[in-house]
Amino acid sequence: MYKLIKNEKSARRGEFITNRGTVQTPAFMNVATAGAIKGAVSATDLKTLGCQVMLSNTYHLHVRPGDEVVRDCGGLHKFSTWDGPILTDSGGFQVFSLAKLRQITEEGVTFNSHIDGRKIFMGPEESMQIQSNLGSTIAMAFDECVENPAEYSYAKESCERTTRWLIRCKQKMAELNRLDTTVNPEQMLFGINQGCTYNDLRIEHMKRIAELDLDGYAVGGLAVGEPTEVMYDVLENVCPVMPDDKIRYLMGVGTPLNILNAVERGIDLFDCVMPSRNARHGHLFTSKGIININNNKYEKDMSPIDDECGCPVCRRYSRAYIRHLLKAGEMLSQRLLVMHNLWFYNHLMEDIRNALDNGNFAEFKREKEEIYGRRV
RNA sequence: GUGGAUGUAGCUUAGUUGGUUAAAGCGCCGGUUUGUGGCACCGGAGACCGUGGGUUCGAGUCCCAUCUUCCACC
């Protein structure tokens, strides 16, 4: 259930209540694709880093270790030891990212597994069954994420199929939640808006899926090749037709700047691999801008990554040492780098919430926008 | 001392019967990364081919000398 606490123009400060606790929004979900944050960051670390929601992936956990294994181990919460809310992505994005290894029909999608090449069929019912076995707090609808730019005719066709799939998802989820063998019988379902960069398709699709009265709504298929300005334009068109009393999730986005702009337009929830993936490659977010710890200029720099950061890494380790660990291929570098970036993102969201609480989000955004995009 | 190997980018090497701006891996430098097929990907700098002569239209490649390192034998 979503509760709007306060708004500043289109930007929303709210709470999202789940059977695993209340999420203060706007919030950023930390991506743990295979049930763990890449970079040796544990579930207990996530609490320290200010993470509210963990995100895992249906496709990846189905391939390995298998969703039935997770179910038999008591569900993903017990399995991973993360006791806060978990959102599972449906495998829809893999329709996009594994494009070379797939075939789409009305029934669903056939992939070749990226692990061993074997054929895997996934449709709406399969995705719901898997997510039910995982027992996540929130399941995502099985959709097709289309690459931009796309032909109007294909975008429309794909969008309509995603609607038909969503109806099947809703029905299957209701059935599964009624079974007494279900790990989480209160599992929620979010619908996903598609329509590529065509605002008429986006708006029509959003209105249509809003009628289904789901637990939340996501905007998908953005940040997949279109210019940033186009993404903002789509959000400006779609947010006004999203239900006010439901949480709004922008999938896979993004940079700190993207997040500020999306919050301004009315988005409540985000996820992105950027803080973790970039961290593993030495690309760090700081209160002064972006740094690349690989750069030679940090060789003897004994200051922390960010001297204004309160994260456990910045309180103890120097840039010089972390750079050395990264260059030397030490595992500890991955852990320290990822922890810093996740802290940065989670605390950026906290700062955004505070700004909304204080009614000075616009000012906050203007100030941070200048800083967060630049390289230092 | 004698005989035999060796010498090409910071490192390890490839360079065909002599033929245009000498190649690669690693390292170094810089960049990319948006519902994670990602310890990944893209780009860049860097070599008077041990040194000095010679043969040739042309030499990293052939010849001579010299030095380096290594091996074997006295």
# chains A, B, ... in the order shown; residues from 1 in each chain; ligands from 1
$ select_by_dssp --residues "segment 92-136 of chain A" --states "strand (DSSP E)" --output "list in words"
Arg102, Gln103, Ile104, Val109, Thr110, Phe111, Asn112, Lys119, Ile120, Phe121 and Met122 of chain A
$ interface_residues --of "chain A" --to "chain B" --cutoff "8 Å" --atoms "only C-alpha atoms (C1' of nucleotides)" --output "PDB file with N, CA and C atoms, in the first residue's frame"
ATOM      1  N   THR A  33      21.208  -9.333  -8.277  1.00  0.00           N
ATOM      2  CA  THR A  33      20.639 -10.144  -9.358  1.00  0.00           C
ATOM      3  C   THR A  33      20.475 -11.621  -8.988  1.00  0.00           C
ATOM      4  N   ASP A  89      12.621  -8.918 -10.322  1.00  0.00           N
ATOM      5  CA  ASP A  89      12.325  -8.556 -11.698  1.00  0.00           C
ATOM      6  C   ASP A  89      11.899  -9.835 -12.408  1.00  0.00           C
ATOM      7  N   GLY A  92      11.642 -10.107 -17.776  1.00  0.00           N
ATOM      8  CA  GLY A  92      11.281  -9.322 -18.950  1.00  0.00           C
ATOM      9  C   GLY A  92      12.482  -8.600 -19.554  1.00  0.00           C
ATOM     10  N   PHE A  93      13.337  -8.089 -18.689  1.00  0.00           N
ATOM     11  CA  PHE A  93      14.507  -7.369 -19.206  1.00  0.00           C
ATOM     12  C   PHE A  93      15.429  -8.306 -19.975  1.00  0.00           C
ATOM     13  N   LEU A  98      19.078 -10.505 -23.629  1.00  0.00           N
ATOM     14  CA  LEU A  98      19.524 -11.757 -24.247  1.00  0.00           C
ATOM     15  C   LEU A  98      18.933 -11.874 -25.651  1.00  0.00           C
ATOM     16  N   HIS A 114      22.198 -18.536 -20.657  1.00  0.00           N
ATOM     17  CA  HIS A 114      23.558 -18.006 -20.827  1.00  0.00           C
ATOM     18  C   HIS A 114      24.568 -18.849 -20.073  1.00  0.00           C
ATOM     19  N   GLY A 220       8.727   0.990 -17.687  1.00  0.00           N
ATOM     20  CA  GLY A 220       9.836   0.182 -18.197  1.00  0.00           C
ATOM     21  C   GLY A 220      10.254   0.656 -19.565  1.00  0.00           C
ATOM     22  N   ALA A 223      15.786   4.346 -20.763  1.00  0.00           N
ATOM     23  CA  ALA A 223      17.237   4.234 -20.603  1.00  0.00           C
ATOM     24  C   ALA A 223      17.754   3.014 -21.347  1.00  0.00           C
ATOM     25  N   VAL A 224      17.176   2.743 -22.502  1.00  0.00           N
ATOM     26  CA  VAL A 224      17.641   1.645 -23.338  1.00  0.00           C
ATOM     27  C   VAL A 224      17.992   2.152 -24.741  1.00  0.00           C
ATOM     28  N   MET A 251      12.054   1.747 -13.910  1.00  0.00           N
ATOM     29  CA  MET A 251      12.940   0.579 -13.923  1.00  0.00           C
ATOM     30  C   MET A 251      14.306   0.841 -14.558  1.00  0.00           C
ATOM     31  N   GLY A 252      15.334   0.447 -13.803  1.00  0.00           N
ATOM     32  CA  GLY A 252      16.686   0.461 -14.367  1.00  0.00           C
ATOM     33  C   GLY A 252      17.370   1.802 -14.429  1.00  0.00           C
ATOM     34  N   VAL A 253      16.825   2.793 -13.756  1.00  0.00           N
ATOM     35  CA  VAL A 253      17.377   4.157 -13.834  1.00  0.00           C
ATOM     36  C   VAL A 253      17.843   4.570 -12.443  1.00  0.00           C
ATOM     37  N   GLY A 254      18.963   5.177 -12.358  1.00  0.00           N
ATOM     38  CA  GLY A 254      19.904   5.587 -13.384  1.00  0.00           C
ATOM     39  C   GLY A 254      21.027   6.336 -12.701  1.00  0.00           C
ATOM     40  N   THR A 255      21.440   7.405 -13.343  1.00  0.00           N
ATOM     41  CA  THR A 255      22.486   8.267 -12.771  1.00  0.00           C
ATOM     42  C   THR A 255      21.844   9.130 -11.678  1.00  0.00           C
ATOM     43  N   ASP A 271      15.820   1.493  -9.422  1.00  0.00           N
ATOM     44  CA  ASP A 271      16.861   0.481  -9.253  1.00  0.00           C
ATOM     45  C   ASP A 271      17.808   0.689 -10.405  1.00  0.00           C
ATOM     46  N   CYS A 272      19.063   0.343 -10.195  1.00  0.00           N
ATOM     47  CA  CYS A 272      20.040   0.477 -11.268  1.00  0.00           C
ATOM     48  C   CYS A 272      21.309  -0.269 -10.892  1.00  0.00           C
ATOM     49  N   VAL A 273      21.946  -0.858 -11.877  1.00  0.00           N
ATOM     50  CA  VAL A 273      23.210  -1.546 -11.623  1.00  0.00           C
ATOM     51  C   VAL A 273      24.378  -0.564 -11.577  1.00  0.00           C
ATOM     52  N   MET A 274      24.091   0.687 -11.922  1.00  0.00           N
ATOM     53  CA  MET A 274      25.181   1.641 -12.080  1.00  0.00           C
ATOM     54  C   MET A 274      26.084   1.795 -10.844  1.00  0.00           C
ATOM     55  N   ARG A 277      28.001  -1.711 -10.565  1.00  0.00           N
ATOM     56  CA  ARG A 277      28.861  -2.040 -11.708  1.00  0.00           C
ATOM     57  C   ARG A 277      29.979  -1.014 -11.872  1.00  0.00           C
ATOM     58  N   ASN A 278      29.611   0.259 -11.844  1.00  0.00           N
ATOM     59  CA  ASN A 278      30.642   1.286 -12.006  1.00  0.00           C
ATOM     60  C   ASN A 278      31.677   1.194 -10.899  1.00  0.00           C
ATOM     61  N   ARG A 280      32.768  -1.388  -9.382  1.00  0.00           N
ATOM     62  CA  ARG A 280      33.703  -2.489  -9.650  1.00  0.00           C
ATOM     63  C   ARG A 280      34.749  -2.096 -10.680  1.00  0.00           C
ATOM     64  N   ASN A 296      45.896   7.867 -12.305  1.00  0.00           N
ATOM     65  CA  ASN A 296      47.233   7.981 -11.739  1.00  0.00           C
ATOM     66  C   ASN A 296      47.354   9.020 -10.625  1.00  0.00           C
ATOM     67  N   GLY A 329      44.028  -6.327  -8.301  1.00  0.00           N
ATOM     68  CA  GLY A 329      42.998  -7.349  -8.449  1.00  0.00           C
ATOM     69  C   GLY A 329      42.568  -7.980  -7.140  1.00  0.00           C
TER      70      GLY A 329
END
$ select_by_dssp --residues "segment 20-173 of chain A" --states "alpha helix (DSSP H)" --output "ChimeraX atom specification"
/A:43-48,58-63,67-72,76-80,92-97,124-134,152-173
$ residues_around --residues "Leu326 of chain A" --least-positions-apart "6" --cutoff "12 Å" --atoms "only C-alpha atoms (C1' of nucleotides)" --output "VMD selection string"
(chain A and resid 39 279 to 283 292 to 295 299 319 to 320 332 to 338) or (chain B and resid 39)
$ write_last_selection --atoms "N, CA and C atoms (P, O5', C5', C4', C3', O3' and C1' of nucleotides)" --output "CSV table (one decimal), in the first residue's frame"
chain,number,residue,atom,x,y,z
A,39,GLY,N,30.3,-8.1,-5.6
A,39,GLY,CA,31.4,-7.3,-4.9
A,39,GLY,C,31.4,-7.7,-3.4
A,279,ALA,N,31.2,0.9,-9.7
A,279,ALA,CA,32.2,0.8,-8.6
A,279,ALA,C,33.2,-0.3,-8.9
A,280,ARG,N,32.8,-1.4,-9.4
A,280,ARG,CA,33.7,-2.5,-9.6
A,280,ARG,C,34.7,-2.1,-10.7
A,281,HIS,N,34.4,-1.1,-11.5
A,281,HIS,CA,35.4,-0.6,-12.5
A,281,HIS,C,36.1,0.7,-12.0
A,282,GLY,N,35.9,1.0,-10.8
A,282,GLY,CA,36.7,2.2,-10.2
A,282,GLY,C,36.0,3.5,-10.4
A,283,HIS,N,34.8,3.5,-10.9
A,283,HIS,CA,34.0,4.8,-11.1
A,283,HIS,C,33.2,5.1,-9.9
A,292,ASN,N,37.4,8.7,-11.0
A,292,ASN,CA,37.8,7.3,-11.5
A,292,ASN,C,39.1,7.0,-10.7
A,293,ILE,N,38.9,6.1,-9.7
A,293,ILE,CA,40.0,5.8,-8.8
A,293,ILE,C,41.2,5.2,-9.5
A,294,ASN,N,41.0,4.7,-10.7
A,294,ASN,CA,42.1,4.2,-11.5
A,294,ASN,C,43.1,5.2,-11.8
A,295,ASN,N,42.7,6.5,-11.9
A,295,ASN,CA,43.6,7.5,-12.4
A,295,ASN,C,44.8,7.7,-11.5
A,299,GLU,N,47.5,7.9,-6.9
A,299,GLU,CA,48.5,7.0,-6.5
A,299,GLU,C,48.9,7.1,-5.1
A,319,ARG,N,42.2,6.7,-0.7
A,319,ARG,CA,42.1,6.5,-2.2
A,319,ARG,C,43.3,5.7,-2.7
A,320,ALA,N,44.5,6.1,-2.1
A,320,ALA,CA,45.7,5.4,-2.6
A,320,ALA,C,45.7,3.9,-2.3
A,332,LEU,N,39.1,-7.3,-2.0
A,332,LEU,CA,38.7,-6.3,-1.1
A,332,LEU,C,38.3,-5.0,-1.8
A,333,SER,N,39.0,-4.7,-2.9
A,333,SER,CA,38.7,-3.5,-3.6
A,333,SER,C,37.3,-3.4,-4.1
A,334,GLN,N,36.8,-4.6,-4.6
A,334,GLN,CA,35.4,-4.6,-5.1
A,334,GLN,C,34.4,-4.3,-4.0
A,335,ARG,N,34.7,-4.9,-2.9
A,335,ARG,CA,33.8,-4.8,-1.7
A,335,ARG,C,33.8,-3.3,-1.2
A,336,LEU,N,34.9,-2.7,-1.1
A,336,LEU,CA,35.0,-1.3,-0.6
A,336,LEU,C,34.4,-0.4,-1.6
A,337,LEU,N,34.7,-0.6,-2.9
A,337,LEU,CA,34.2,0.3,-3.9
A,337,LEU,C,32.6,0.3,-4.0
A,338,VAL,N,32.1,-1.0,-4.0
A,338,VAL,CA,30.6,-1.1,-4.1
A,338,VAL,C,30.0,-0.6,-2.9
B,39,C,P,32.9,-9.9,-14.3
B,39,C,O5',34.3,-9.3,-14.5
B,39,C,C5',34.6,-7.9,-14.4
B,39,C,C4',36.0,-7.7,-13.9
B,39,C,C3',37.0,-8.6,-14.7
B,39,C,O3',37.5,-7.8,-15.7
B,39,C,C1',37.3,-8.9,-12.3
$ residues_around --residues "Ile267 of chain A" --least-positions-apart "6" --cutoff "8 Å" --atoms "only C-alpha atoms (C1' of nucleotides)" --output "list in words"
Ala11, Arg12, Pro26, Cys239, Arg248, Tyr249 and Leu250 of chain A
$ write_last_selection --atoms "C-alpha atoms" --output "PDB file, in the first residue's frame"
ATOM      1  CA  ALA A  11       7.527  15.300  -6.725  1.00  0.00           C
ATOM      2  CA  ARG A  12       6.194  12.900  -4.074  1.00  0.00           C
ATOM      3  CA  PRO A  26      11.570   8.076  -2.951  1.00  0.00           C
ATOM      4  CA  CYS A 239       3.335  10.275 -14.614  1.00  0.00           C
ATOM      5  CA  ARG A 248       5.564   4.505  -9.176  1.00  0.00           C
ATOM      6  CA  TYR A 249       8.740   2.729 -10.139  1.00  0.00           C
ATOM      7  CA  LEU A 250      11.124   3.746 -12.930  1.00  0.00           C
TER       8      LEU A 250
END
$ atom_distance --atom1 "atom CA of Ala43 of chain A" --atom2 "atom CA of Ser80 of chain A"
7.2 Å
$ closest_residue --among "B:C42, B:U13, B:A23, B:G7" --to "C67 of chain B" --atoms "only C-alpha atoms (C1' of nucleotides)"
B:G7
$ residues_around --residues "U61 of chain B" --least-positions-apart "2" --cutoff "12 Å" --atoms "only C-alpha atoms (C1' of nucleotides)" --output "number ranges by chain"
B: 8, 15-19, 22, 49, 59
$ atom_distance --atom1 "atom CA of Gly195 of chain A" --atom2 "atom CA of Asp143 of chain A"
11.3 Å
$ atom_distance --atom1 "atom CA of Phe142 of chain A" --atom2 "atom CA of Ser90 of chain A"
5.2 Å
$ residues_around --residues "Val53 of chain A" --least-positions-apart "3" --cutoff "6 Å" --atoms "only C-alpha atoms (C1' of nucleotides)" --output "list in words"
Met29, Pro85 and Ile86 of chain A
$ closest_residue --among "B:U51, B:U66, B:U12, B:U6" --to "C26 of chain B" --atoms "only C-alpha atoms (C1' of nucleotides)"
B:U12
